[in-house]
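Novice: Quick one: the structure is below, questions incoming.
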Amino acid sequence: MATSPSAPLRVLTGITPSGTPHLGNYVGSIRHSVRQSVAPGVESFFFLADYHALIKVQEPALIQRSTLEIAASWLACGLDPERVTFYRQSDVVEIPELTWFLTCVTGKGVLNRAHAYKAQLDKNVAKGEDPDADVTAGLFMYPVLMGADILMFNAHKVPVGRDQVQHIEMARDMAQRFNHQYGEHFTLPEAEIDDAVATLPGLDGRKMSKSYGNTIAMFAPRAQLQKQIASIVTDSRAPGEPKDTEGSALFQIYQAFATAEETEALRKAYSEGIGWGDAKQMLFERIDLEVAPLRARYEALMSDPAEIERILLIGAEKARKLARPFMTELRHAVGLRNLAAGAGKGGARKAKVAKPSFKQYRERDGLFYFKLLDASGATLLQSRGFASPQEAGRAIAALQQQRGAALAALADQLEPTGPEELRAASEALEALAEATAHTNGS
Ligand code: TRP
């Protein structure tokens, strides 16, 4: 559904749980996205991309552990699950279904050009191996799954590192193709690259990354943090000799945590010949100052995995409240429809096909009720009692006009309904709208 201009800005952030979070993740993504999530007018979605993890990790225990660690890290850094939608990708079972819909509008040639897949191919070719050696279809399909993550919630902005920009462009492309084929359903997402959050160098001066093995764990205990910082590569200049800030990983990491004044002070100390040992001590103290309170929360969270599981399941329900009716809309759009609603052009016009209907009635309690019945007369939805027929009528009108989207909004005016019934009700409402459109159009 196209969103109106006054709707809040939807921002969606995903992290693949394939390792222990490190300071590069914190500086490059977590810290910034948690801050942004409390900005007014922003509606944030945070999720653990565990289906994506299956592409690179074949160790089940590692995925479980990493999912827990990343969830705990986000919460420790102040993510408020009440305020944002915080979930695990694999709990939203609608995502694989959307992945398939998008698969069917994505050119294979587009996926051939995806960087991650191409890099593996190039590597194989360089080694003289079969180009497809070690390439799973999962790796090839990676961008489509990511497209489903983004398009499912009609995200406007997706904060990512530069290496992911191509994937957002592909998601945009999928949205455009689908909209062109089936009508306006998806918002076109945009990548958001914050140049203020520079990539953090790792221990060896290259970009901090799990694949280089040069990371500093985000919540390492104090002693371990100090040890890791001590192993940052420096040049061989002795204490007293002026040092270069240019190209100094230590300086850049410091800068990512320090204020402008603190950074200036270190710059001065460099030019005055601070010893590497002292500079490392300064860096350690500065990082620890910021991280220590978060580490305490992290440790508390990690000691109660059941609580994190509970939070994620609540988040998944929140996400599915949007995903379920949206998938019903999309299934209808592509033609996966209730057959009783009349198939083919004019089908519904020719014969008077049985169709879903609303029944309004009054009970002995004096209140006014309605039901939604399917084409065969079975009850799909049962309302609660309304004081007047007008109120019942308004609820019906909302269901007729907004269909699936109204189901969530009207939840407290309806008897509780399970997901399967909701799905059926949503389909019936679509069918009803379709049938009404045909009738009016003839
Ligand atoms: N591919 C992203 C990464 O490895 C993680 C991810 C999966 C993601 N789905 C997403 C990020 C959707 C943003 C939006 O960093």
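By convention here, the chains of the structure tokens are called A, B, ... in the order presented, each chain's residues are numbered starting at 1, and ligands are numbered starting at 1 in the order presented.
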Given only C-alpha atoms and all ligand atoms, how would the per-residue table for chain A near ligand 1 read, listing every residue at most 7 Å away with its closest atom pair and distance in Å to one decimal, sorted by chain and number, as a Markdown table?
Specialist:
| residue | atom | partner | partner_atom_place_in_ligand_line | distance |
| --- | --- | --- | --- | --- |
| A:Leu12 | CA | ligand 1 | 14 (C) | 6.1 |
| A:Thr13 | CA | ligand 1 | 13 (C) | 4.9 |
| A:Gly14 | CA | ligand 1 | 11 (C) | 3.9 |
| A:Ile15 | CA | ligand 1 | 5 (C) | 4.5 |
| A:Thr16 | CA | ligand 1 | 5 (C) | 4.9 |
| A:Ala49 | CA | ligand 1 | 7 (C) | 5.1 |
| A:His52 | CA | ligand 1 | 7 (C) | 6.2 |
| A:Met146 | CA | ligand 1 | 9 (N) | 4.2 |
| A:Gly147 | CA | ligand 1 | 12 (C) | 6.9 |
| A:Asp149 | CA | ligand 1 | 12 (C) | 5.2 |
| A:Ile150 | CA | ligand 1 | 12 (C) | 5.4 |
| A:Val158 | CA | ligand 1 | 13 (C) | 5.9 |
| A:Pro159 | CA | ligand 1 | 13 (C) | 6.9 |
| A:Val160 | CA | ligand 1 | 13 (C) | 6.3 |
| A:Gln164 | CA | ligand 1 | 1 (N) | 6.6 |
Novice: Could the residues in this selection be saved with N, CA, C and O atoms as an mmCIF file, in the first residue's frame?
Specialist:
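Saved to result28.cif:
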data_model
loop_
_atom_site.group_PDB
_atom_site.id
_atom_site.type_symbol
_atom_site.label_atom_id
_atom_site.label_comp_id
_atom_site.auth_asym_id
_atom_site.auth_seq_id
_atom_site.Cartn_x
_atom_site.Cartn_y
_atom_site.Cartn_z
ATOM 1 N N LEU A 12 14.120 0.588 8.653
ATOM 2 C CA LEU A 12 14.270 -0.840 8.939
ATOM 3 C C LEU A 12 15.739 -1.238 8.981
ATOM 4 O O LEU A 12 16.511 -0.913 8.076
ATOM 5 N N THR A 13 16.124 -1.899 10.058
ATOM 6 C CA THR A 13 17.517 -2.281 10.254
ATOM 7 C C THR A 13 17.603 -3.779 10.528
ATOM 8 O O THR A 13 16.892 -4.276 11.398
ATOM 9 N N GLY A 14 18.448 -4.470 9.804
ATOM 10 C CA GLY A 14 18.630 -5.896 10.043
ATOM 11 C C GLY A 14 20.089 -6.227 10.268
ATOM 12 O O GLY A 14 20.961 -5.600 9.670
ATOM 13 N N ILE A 15 20.339 -7.181 11.157
ATOM 14 C CA ILE A 15 21.707 -7.678 11.337
ATOM 15 C C ILE A 15 21.671 -9.196 11.213
ATOM 16 O O ILE A 15 20.781 -9.842 11.764
ATOM 17 N N THR A 16 22.613 -9.744 10.485
ATOM 18 C CA THR A 16 22.695 -11.189 10.339
ATOM 19 C C THR A 16 23.397 -11.783 11.554
ATOM 20 O O THR A 16 24.532 -11.406 11.843
ATOM 21 N N ALA A 49 18.365 -11.173 11.216
ATOM 22 C CA ALA A 49 18.185 -11.817 9.912
ATOM 23 C C ALA A 49 18.725 -13.245 9.974
ATOM 24 O O ALA A 49 19.746 -13.578 9.371
ATOM 25 N N HIS A 52 19.055 -15.281 6.797
ATOM 26 C CA HIS A 52 20.271 -14.921 6.077
ATOM 27 C C HIS A 52 21.494 -15.623 6.661
ATOM 28 O O HIS A 52 22.425 -15.972 5.941
ATOM 29 N N MET A 146 16.382 -10.479 1.143
ATOM 30 C CA MET A 146 16.571 -9.159 1.753
ATOM 31 C C MET A 146 15.506 -8.182 1.242
ATOM 32 O O MET A 146 14.996 -7.345 1.992
ATOM 33 N N GLY A 147 15.158 -8.312 -0.029
ATOM 34 C CA GLY A 147 14.092 -7.481 -0.586
ATOM 35 C C GLY A 147 12.786 -7.728 0.152
ATOM 36 O O GLY A 147 12.046 -6.790 0.478
ATOM 37 N N ASP A 149 12.425 -8.750 3.237
ATOM 38 C CA ASP A 149 12.538 -8.131 4.570
ATOM 39 C C ASP A 149 12.100 -6.675 4.524
ATOM 40 O O ASP A 149 11.423 -6.186 5.419
ATOM 41 N N ILE A 150 12.548 -6.012 3.490
ATOM 42 C CA ILE A 150 12.369 -4.565 3.405
ATOM 43 C C ILE A 150 10.963 -4.216 2.914
ATOM 44 O O ILE A 150 10.276 -3.370 3.481
ATOM 45 N N VAL A 158 16.551 2.436 4.725
ATOM 46 C CA VAL A 158 17.264 1.288 5.249
ATOM 47 C C VAL A 158 18.717 1.700 5.485
ATOM 48 O O VAL A 158 19.482 1.873 4.532
ATOM 49 N N PRO A 159 19.084 1.910 6.756
ATOM 50 C CA PRO A 159 20.471 2.299 7.030
ATOM 51 C C PRO A 159 21.392 1.101 6.825
ATOM 52 O O PRO A 159 21.164 0.048 7.405
ATOM 53 N N VAL A 160 22.375 1.265 5.981
ATOM 54 C CA VAL A 160 23.287 0.148 5.685
ATOM 55 C C VAL A 160 24.694 0.657 5.422
ATOM 56 O O VAL A 160 24.906 1.848 5.192
ATOM 57 N N GLN A 164 26.140 -2.851 1.224
ATOM 58 C CA GLN A 164 24.764 -3.336 1.107
ATOM 59 C C GLN A 164 23.902 -2.469 0.189
ATOM 60 O O GLN A 164 22.734 -2.780 -0.048
#
Novice: Name the residues in contact with Leu432 of chain A at a cut-off of 10 Å, using only C-alpha atoms, excluding same-chain residues fewer than 4 positions from it; report them as a PDB file with all heavy atoms, in the first residue's frame.
Specialist:
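The new file part05.pdb reads:
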ATOM      1  N   ALA A 341     -14.931 -16.626  -5.220  1.00  0.00           N
ATOM      2  CA  ALA A 341     -15.141 -15.192  -5.440  1.00  0.00           C
ATOM      3  C   ALA A 341     -15.311 -14.875  -6.923  1.00  0.00           C
ATOM      4  O   ALA A 341     -15.487 -13.715  -7.279  1.00  0.00           O
ATOM      5  CB  ALA A 341     -13.988 -14.398  -4.862  1.00  0.00           C
ATOM      6  N   LYS A 355     -21.309 -15.303  -2.586  1.00  0.00           N
ATOM      7  CA  LYS A 355     -20.162 -14.541  -2.118  1.00  0.00           C
ATOM      8  C   LYS A 355     -20.276 -14.292  -0.627  1.00  0.00           C
ATOM      9  O   LYS A 355     -21.357 -14.439  -0.055  1.00  0.00           O
ATOM     10  CB  LYS A 355     -20.069 -13.221  -2.893  1.00  0.00           C
ATOM     11  CG  LYS A 355     -21.323 -12.384  -2.787  1.00  0.00           C
ATOM     12  CD  LYS A 355     -21.205 -11.101  -3.573  1.00  0.00           C
ATOM     13  CE  LYS A 355     -22.373 -10.199  -3.238  1.00  0.00           C
ATOM     14  NZ  LYS A 355     -22.535  -9.070  -4.092  1.00  0.00           N
ATOM     15  N   PRO A 356     -19.171 -13.903  -0.012  1.00  0.00           N
ATOM     16  CA  PRO A 356     -19.216 -13.624   1.417  1.00  0.00           C
ATOM     17  C   PRO A 356     -20.208 -12.504   1.698  1.00  0.00           C
ATOM     18  O   PRO A 356     -20.518 -11.701   0.818  1.00  0.00           O
ATOM     19  CB  PRO A 356     -17.794 -13.161   1.731  1.00  0.00           C
ATOM     20  CG  PRO A 356     -16.968 -13.620   0.593  1.00  0.00           C
ATOM     21  CD  PRO A 356     -17.859 -13.680  -0.587  1.00  0.00           C
ATOM     22  N   SER A 357     -20.712 -12.461   2.909  1.00  0.00           N
ATOM     23  CA  SER A 357     -21.697 -11.419   3.228  1.00  0.00           C
ATOM     24  C   SER A 357     -21.650 -11.049   4.706  1.00  0.00           C
ATOM     25  O   SER A 357     -21.152 -11.812   5.533  1.00  0.00           O
ATOM     26  CB  SER A 357     -23.092 -11.920   2.874  1.00  0.00           C
ATOM     27  OG  SER A 357     -23.348 -13.099   3.612  1.00  0.00           O
ATOM     28  N   PHE A 358     -22.160  -9.868   4.997  1.00  0.00           N
ATOM     29  CA  PHE A 358     -22.324  -9.436   6.386  1.00  0.00           C
ATOM     30  C   PHE A 358     -23.772  -9.661   6.809  1.00  0.00           C
ATOM     31  O   PHE A 358     -24.697  -9.430   6.017  1.00  0.00           O
ATOM     32  CB  PHE A 358     -22.018  -7.948   6.511  1.00  0.00           C
ATOM     33  CG  PHE A 358     -20.540  -7.657   6.532  1.00  0.00           C
ATOM     34  CD1 PHE A 358     -19.888  -7.217   5.375  1.00  0.00           C
ATOM     35  CD2 PHE A 358     -19.811  -7.818   7.694  1.00  0.00           C
ATOM     36  CE1 PHE A 358     -18.534  -6.951   5.393  1.00  0.00           C
ATOM     37  CE2 PHE A 358     -18.448  -7.547   7.716  1.00  0.00           C
ATOM     38  CZ  PHE A 358     -17.812  -7.107   6.568  1.00  0.00           C
ATOM     39  N   ASP A 374     -18.739 -16.589   5.119  1.00  0.00           N
ATOM     40  CA  ASP A 374     -18.101 -16.885   3.834  1.00  0.00           C
ATOM     41  C   ASP A 374     -19.174 -17.303   2.822  1.00  0.00           C
ATOM     42  O   ASP A 374     -20.365 -17.337   3.138  1.00  0.00           O
ATOM     43  CB  ASP A 374     -16.991 -17.926   3.978  1.00  0.00           C
ATOM     44  CG  ASP A 374     -17.506 -19.336   4.236  1.00  0.00           C
ATOM     45  OD1 ASP A 374     -18.734 -19.548   4.160  1.00  0.00           O
ATOM     46  OD2 ASP A 374     -16.667 -20.211   4.512  1.00  0.00           O
ATOM     47  N   ALA A 375     -18.742 -17.621   1.597  1.00  0.00           N
ATOM     48  CA  ALA A 375     -19.700 -17.901   0.523  1.00  0.00           C
ATOM     49  C   ALA A 375     -20.621 -19.066   0.884  1.00  0.00           C
ATOM     50  O   ALA A 375     -21.766 -19.126   0.440  1.00  0.00           O
ATOM     51  CB  ALA A 375     -18.949 -18.187  -0.765  1.00  0.00           C
ATOM     52  N   GLN A 400     -15.299  -3.184   5.007  1.00  0.00           N
ATOM     53  CA  GLN A 400     -15.523  -3.250   3.558  1.00  0.00           C
ATOM     54  C   GLN A 400     -14.515  -2.393   2.811  1.00  0.00           C
ATOM     55  O   GLN A 400     -14.047  -2.752   1.740  1.00  0.00           O
ATOM     56  CB  GLN A 400     -16.952  -2.786   3.215  1.00  0.00           C
ATOM     57  CG  GLN A 400     -17.991  -3.843   3.538  1.00  0.00           C
ATOM     58  CD  GLN A 400     -19.413  -3.319   3.403  1.00  0.00           C
ATOM     59  OE1 GLN A 400     -19.656  -2.118   3.584  1.00  0.00           O
ATOM     60  NE2 GLN A 400     -20.347  -4.209   3.109  1.00  0.00           N
ATOM     61  N   ARG A 403     -10.617  -3.430   4.436  1.00  0.00           N
ATOM     62  CA  ARG A 403     -10.392  -4.877   4.433  1.00  0.00           C
ATOM     63  C   ARG A 403      -9.323  -5.309   5.450  1.00  0.00           C
ATOM     64  O   ARG A 403      -9.438  -4.969   6.615  1.00  0.00           O
ATOM     65  CB  ARG A 403     -10.083  -5.324   3.009  1.00  0.00           C
ATOM     66  CG  ARG A 403     -11.179  -4.829   2.050  1.00  0.00           C
ATOM     67  CD  ARG A 403     -11.036  -5.345   0.671  1.00  0.00           C
ATOM     68  NE  ARG A 403      -9.931  -4.772  -0.073  1.00  0.00           N
ATOM     69  CZ  ARG A 403      -9.932  -3.528  -0.551  1.00  0.00           C
ATOM     70  NH1 ARG A 403     -10.964  -2.718  -0.357  1.00  0.00           N
ATOM     71  NH2 ARG A 403      -8.893  -3.080  -1.226  1.00  0.00           N
ATOM     72  N   SER A 426      -9.865 -12.057   5.932  1.00  0.00           N
ATOM     73  CA  SER A 426      -9.227 -11.059   5.095  1.00  0.00           C
ATOM     74  C   SER A 426      -9.459 -11.387   3.620  1.00  0.00           C
ATOM     75  O   SER A 426      -9.764 -10.516   2.803  1.00  0.00           O
ATOM     76  CB  SER A 426      -7.744 -11.059   5.443  1.00  0.00           C
ATOM     77  OG  SER A 426      -7.183  -9.846   5.119  1.00  0.00           O
ATOM     78  N   GLU A 427      -9.344 -12.658   3.280  1.00  0.00           N
ATOM     79  CA  GLU A 427      -9.590 -13.084   1.901  1.00  0.00           C
ATOM     80  C   GLU A 427     -11.041 -12.837   1.495  1.00  0.00           C
ATOM     81  O   GLU A 427     -11.330 -12.391   0.383  1.00  0.00           O
ATOM     82  CB  GLU A 427      -9.302 -14.580   1.745  1.00  0.00           C
ATOM     83  CG  GLU A 427      -7.919 -14.868   1.285  1.00  0.00           C
ATOM     84  CD  GLU A 427      -7.633 -16.365   1.223  1.00  0.00           C
ATOM     85  OE1 GLU A 427      -8.583 -17.162   1.149  1.00  0.00           O
ATOM     86  OE2 GLU A 427      -6.439 -16.715   1.276  1.00  0.00           O
ATOM     87  N   ALA A 428     -11.936 -13.132   2.420  1.00  0.00           N
ATOM     88  CA  ALA A 428     -13.363 -12.939   2.119  1.00  0.00           C
ATOM     89  C   ALA A 428     -13.648 -11.462   1.865  1.00  0.00           C
ATOM     90  O   ALA A 428     -14.420 -11.114   0.961  1.00  0.00           O
ATOM     91  CB  ALA A 428     -14.214 -13.456   3.278  1.00  0.00           C
ATOM     92  N   THR A 436     -18.064  -6.631  -5.502  1.00  0.00           N
ATOM     93  CA  THR A 436     -18.795  -5.356  -5.505  1.00  0.00           C
ATOM     94  C   THR A 436     -18.293  -4.468  -6.640  1.00  0.00           C
ATOM     95  O   THR A 436     -19.081  -3.831  -7.347  1.00  0.00           O
ATOM     96  CB  THR A 436     -18.583  -4.634  -4.158  1.00  0.00           C
ATOM     97  OG1 THR A 436     -18.821  -5.580  -3.120  1.00  0.00           O
ATOM     98  CG2 THR A 436     -19.541  -3.471  -4.003  1.00  0.00           C
ATOM     99  N   ALA A 437     -16.994  -4.476  -6.854  1.00  0.00           N
ATOM    100  CA  ALA A 437     -16.426  -3.653  -7.939  1.00  0.00           C
ATOM    101  C   ALA A 437     -16.981  -4.088  -9.277  1.00  0.00           C
ATOM    102  O   ALA A 437     -17.339  -3.269 -10.113  1.00  0.00           O
ATOM    103  CB  ALA A 437     -14.899  -3.766  -7.924  1.00  0.00           C
ATOM    104  N   HIS A 438     -17.083  -5.410  -9.473  1.00  0.00           N
ATOM    105  CA  HIS A 438     -17.629  -5.927 -10.736  1.00  0.00           C
ATOM    106  C   HIS A 438     -19.075  -5.474 -10.929  1.00  0.00           C
ATOM    107  O   HIS A 438     -19.465  -5.064 -12.004  1.00  0.00           O
ATOM    108  CB  HIS A 438     -17.577  -7.456 -10.765  1.00  0.00           C
ATOM    109  CG  HIS A 438     -16.235  -7.963 -11.150  1.00  0.00           C
ATOM    110  ND1 HIS A 438     -15.598  -7.569 -12.283  1.00  0.00           N
ATOM    111  CD2 HIS A 438     -15.403  -8.839 -10.526  1.00  0.00           C
ATOM    112  CE1 HIS A 438     -14.423  -8.162 -12.355  1.00  0.00           C
ATOM    113  NE2 HIS A 438     -14.284  -8.936 -11.292  1.00  0.00           N
TER     114      HIS A 438
END
Novice: Extract, using only C-alpha atoms, all DNA, RNA and protein residues at most 10 Å from Val42 of chain A, discarding same-chain residues fewer than 2 positions from it, and format them as a compact mmCIF listing (two decimals) with C-alpha atoms, in the first residue's frame.
Specialist:
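File written: selection-v6.txt
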# COMPACT_ATOMS: atom_id res chain seq x y z
CA ALA A 7 2.73 8.76 7.66
CA PRO A 8 5.78 8.30 9.87
CA LEU A 9 9.08 7.55 8.24
CA ARG A 10 9.66 3.82 8.39
CA VAL A 11 13.24 2.80 9.05
CA GLN A 36 17.48 7.23 15.53
CA SER A 37 14.72 4.93 16.77
CA VAL A 38 13.66 7.44 19.42
CA ALA A 39 13.44 10.36 17.00
CA PRO A 40 9.91 11.75 16.62
CA SER A 44 11.53 1.65 13.44
CA PHE A 45 11.84 -2.01 12.63
CA VAL A 84 9.93 -0.18 17.97
Novice: Just the residues within 10 Å of segment 279-295 of chain A, please, counting only C-alpha atoms, with nothing from its chain fewer than 2 positions along; format it as a PyMOL selection string.
Specialist: chain A and resi 23+73-78+218-223+225-232+234+250-251+253-258+262+266+269-270+273-277+297-301
Novice: Which residue is closest to Asp50 of chain A? Choose from A:Asp122, A:Asp91, A:Asp204, A:Glu82 and count only C-alpha atoms.
Specialist: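 Of A:Asp122, A:Asp91, A:Asp204, A:Glu82, the one nearest Asp50 of chain A is A:Asp91, counting only C-alpha atoms.
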Novice: Going by DSSP on the backbone, which bits of segment 255-394 of chain A are helix (DSSP H, G or I)? Write them as a ChimeraX atom specification, please.
Specialist: /A:255-257,260-271,276-302,305-334,339-341,347-350,389-394
Novice: Between A:Tyr51, A:Pro17, A:Val105, A:Val165, which one has atoms that come closest to Gln64 of chain A, using only C-alpha atoms?
Specialist: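 Of A:Tyr51, A:Pro17, A:Val105, A:Val165, the one nearest Gln64 of chain A is A:Pro17, counting only C-alpha atoms.
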Novice: For segment 391-397 of chain A, work out the shell of residues within 7 Å, counting only C-alpha atoms and skipping chain neighbours fewer than 6 positions away, then give it as a PyMOL selection string.
Specialist: chain A and resi 368-370
Novice: Can I get the selection written as a short mmCIF file (atom, residue, chain, number, x, y, z; two decimals), in the first residue's frame, with N, CA, C and O atoms?
Specialist:
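Output (again_31.cif):
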data_model
loop_
_atom_site.label_atom_id
_atom_site.label_comp_id
_atom_site.auth_asym_id
_atom_site.auth_seq_id
_atom_site.Cartn_x
_atom_site.Cartn_y
_atom_site.Cartn_z
N PHE A 368 -26.37 -4.66 19.39
CA PHE A 368 -26.38 -4.93 17.95
C PHE A 368 -25.08 -5.62 17.54
O PHE A 368 -24.00 -5.21 17.97
N TYR A 369 -25.21 -6.62 16.74
CA TYR A 369 -24.07 -7.46 16.37
C TYR A 369 -23.98 -7.60 14.86
O TYR A 369 -24.96 -7.34 14.16
N PHE A 370 -22.81 -8.02 14.39
CA PHE A 370 -22.76 -8.48 13.01
C PHE A 370 -21.81 -9.66 12.88
O PHE A 370 -21.00 -9.93 13.78
#
Novice: For segment 128-143 of chain A, list every protein, DNA or RNA residue within 9 Å, evaluated using only C-alpha atoms, and leave out those in the same chain fewer than 3 positions away; present the list as a ChimeraX atom specification.
Specialist: /A:52,54-56,103,111-112,114,116-117,120-125,146-148,166-168,170-171
Novice: For Ser388 of chain A, which residue among A:Ser236, A:Ser18, A:Gln252, A:Gln360 is the nearest when counting only C-alpha atoms?
Specialist: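 Between A:Ser236, A:Ser18, A:Gln252, A:Gln360, the residue approaching Ser388 of chain A most closely is A:Gln360.
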Novice: What is the distance, in Å and to one decimal place, between atom CA of Ala71 of chain A and atom CA of Ile308 of chain A?
Specialist: 7.3 Å
Novice: Need to verify the contact set: segment 182-191 of chain A, 8 Å, only C-alpha atoms, exclusion of same-chain residues closer than 3 positions in sequence. Can you return it as a CSV table (one decimal) with N, CA, C and O atoms, in the first residue's frame?
Specialist:
chain,number,residue,atom,x,y,z
A,1,MET,N,0.8,-1.2,0.0
A,1,MET,CA,0.0,0.0,0.0
A,1,MET,C,0.9,1.2,0.0
A,1,MET,O,1.8,1.4,0.8
A,2,ALA,N,0.6,2.2,-0.8
A,2,ALA,CA,1.3,3.4,-0.8
A,2,ALA,C,1.0,4.1,0.5
A,2,ALA,O,-0.2,4.2,0.9
A,3,THR,N,2.0,4.7,1.1
A,3,THR,CA,1.7,5.4,2.4
A,3,THR,C,1.5,6.9,2.1
A,3,THR,O,2.1,7.4,1.2
A,150,ILE,N,12.5,-6.0,3.5
A,150,ILE,CA,12.4,-4.6,3.4
A,150,ILE,C,11.0,-4.2,2.9
A,150,ILE,O,10.3,-3.4,3.5
A,151,LEU,N,10.5,-4.9,1.9
A,151,LEU,CA,9.3,-4.5,1.2
A,151,LEU,C,8.1,-5.0,2.1
A,151,LEU,O,7.0,-4.4,2.0
A,154,ASN,N,7.2,-2.1,4.0
A,154,ASN,CA,7.1,-0.8,3.3
A,154,ASN,C,8.1,0.2,3.9
A,154,ASN,O,7.7,1.4,4.1
A,155,ALA,N,9.3,-0.2,4.2
A,155,ALA,CA,10.3,0.7,4.8
A,155,ALA,C,10.7,1.8,3.8
A,155,ALA,O,10.8,1.5,2.6
A,156,HIS,N,10.8,3.0,4.3
A,156,HIS,CA,11.3,4.1,3.4
A,156,HIS,C,12.8,4.1,3.4
A,156,HIS,O,13.4,4.3,2.3
A,157,LYS,N,13.4,3.9,4.6
A,157,LYS,CA,14.8,4.1,4.7
A,157,LYS,C,15.4,2.8,5.3
A,157,LYS,O,14.9,2.2,6.2
A,158,VAL,N,16.6,2.4,4.7
A,158,VAL,CA,17.3,1.3,5.2
A,158,VAL,C,18.7,1.7,5.5
A,158,VAL,O,19.5,1.9,4.5
A,159,PRO,N,19.1,1.9,6.8
A,159,PRO,CA,20.5,2.3,7.0
A,159,PRO,C,21.4,1.1,6.8
A,159,PRO,O,21.2,0.0,7.4
A,160,VAL,N,22.4,1.3,6.0
A,160,VAL,CA,23.3,0.1,5.7
A,160,VAL,C,24.7,0.7,5.4
A,160,VAL,O,24.9,1.8,5.2
A,165,VAL,N,24.5,-1.4,-0.3
A,165,VAL,CA,23.7,-0.4,-1.1
A,165,VAL,C,23.1,-1.1,-2.3
A,165,VAL,O,21.9,-0.9,-2.7
A,168,ILE,N,19.8,-2.8,-1.6
A,168,ILE,CA,18.7,-1.9,-1.5
A,168,ILE,C,18.2,-1.5,-2.9
A,168,ILE,O,17.0,-1.4,-3.1
A,169,GLU,N,19.1,-1.3,-3.8
A,169,GLU,CA,18.7,-0.9,-5.1
A,169,GLU,C,18.0,-2.0,-5.8
A,169,GLU,O,17.0,-1.8,-6.5
A,171,ALA,N,16.2,-4.2,-4.2
A,171,ALA,CA,14.8,-4.3,-3.6
A,171,ALA,C,13.9,-3.2,-4.2
A,171,ALA,O,12.7,-3.5,-4.5
A,172,ARG,N,14.5,-2.1,-4.5
A,172,ARG,CA,13.7,-1.0,-5.2
A,172,ARG,C,13.2,-1.5,-6.5
A,172,ARG,O,12.1,-1.3,-6.9
A,175,ALA,N,10.4,-3.9,-6.2
A,175,ALA,CA,9.2,-3.2,-5.8
A,175,ALA,C,8.6,-2.6,-7.1
A,175,ALA,O,7.4,-2.7,-7.3
A,176,GLN,N,9.5,-2.0,-7.9
A,176,GLN,CA,9.0,-1.3,-9.1
A,176,GLN,C,8.4,-2.3,-10.1
A,176,GLN,O,7.3,-2.1,-10.6
A,178,PHE,N,7.1,-5.3,-9.4
A,178,PHE,CA,5.9,-5.8,-8.9
A,178,PHE,C,4.8,-4.8,-9.0
A,178,PHE,O,3.7,-5.1,-9.5
A,179,ASN,N,5.0,-3.6,-8.6
A,179,ASN,CA,4.0,-2.5,-8.7
A,179,ASN,C,3.5,-2.3,-10.2
A,179,ASN,O,2.4,-2.1,-10.4
A,330,LEU,N,-1.5,-9.1,-1.1
A,330,LEU,CA,-0.6,-9.5,-2.2
A,330,LEU,C,-1.0,-10.8,-2.9
A,330,LEU,O,-0.9,-10.9,-4.1
A,333,ALA,N,-3.6,-9.9,-5.1
A,333,ALA,CA,-3.1,-9.1,-6.3
A,333,ALA,C,-2.5,-10.0,-7.3
A,333,ALA,O,-2.7,-9.8,-8.5
A,334,VAL,N,-1.8,-11.1,-6.9
A,334,VAL,CA,-1.1,-11.9,-7.9
A,334,VAL,C,-2.0,-13.0,-8.5
A,334,VAL,O,-1.7,-13.7,-9.4
Novice: Check the smallest atom-to-atom distance from each of A:Leu372, A:Ala408, A:Cys104, A:Leu62 to Ala323 of chain A using only C-alpha atoms, then report the winner.
Specialist: A:Ala408
Novice: Using atom CA of Asn214 of chain A and atom CA of His22 of chain A as the two end points, give the distance in Å to one decimal.
Specialist: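 One can read the atom CA of Asn214 of chain A to atom CA of His22 of chain A distance as 9.8 Å.
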Novice: Given the choices A:Ala319, A:Arg331, A:Gln224, A:Phe86, which gets closest to Leu102 of chain A if the distance is worked out from only C-alpha atoms?
Specialist: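 Comparing A:Ala319, A:Arg331, A:Gln224, A:Phe86 against Leu102 of chain A, the winner is A:Arg331.
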Novice: Quick one, how far is atom CA of Arg324 of chain A from atom CA of Glu94 of chain A?
Specialist: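 Computing it gives 6.8 Å between the two atoms.
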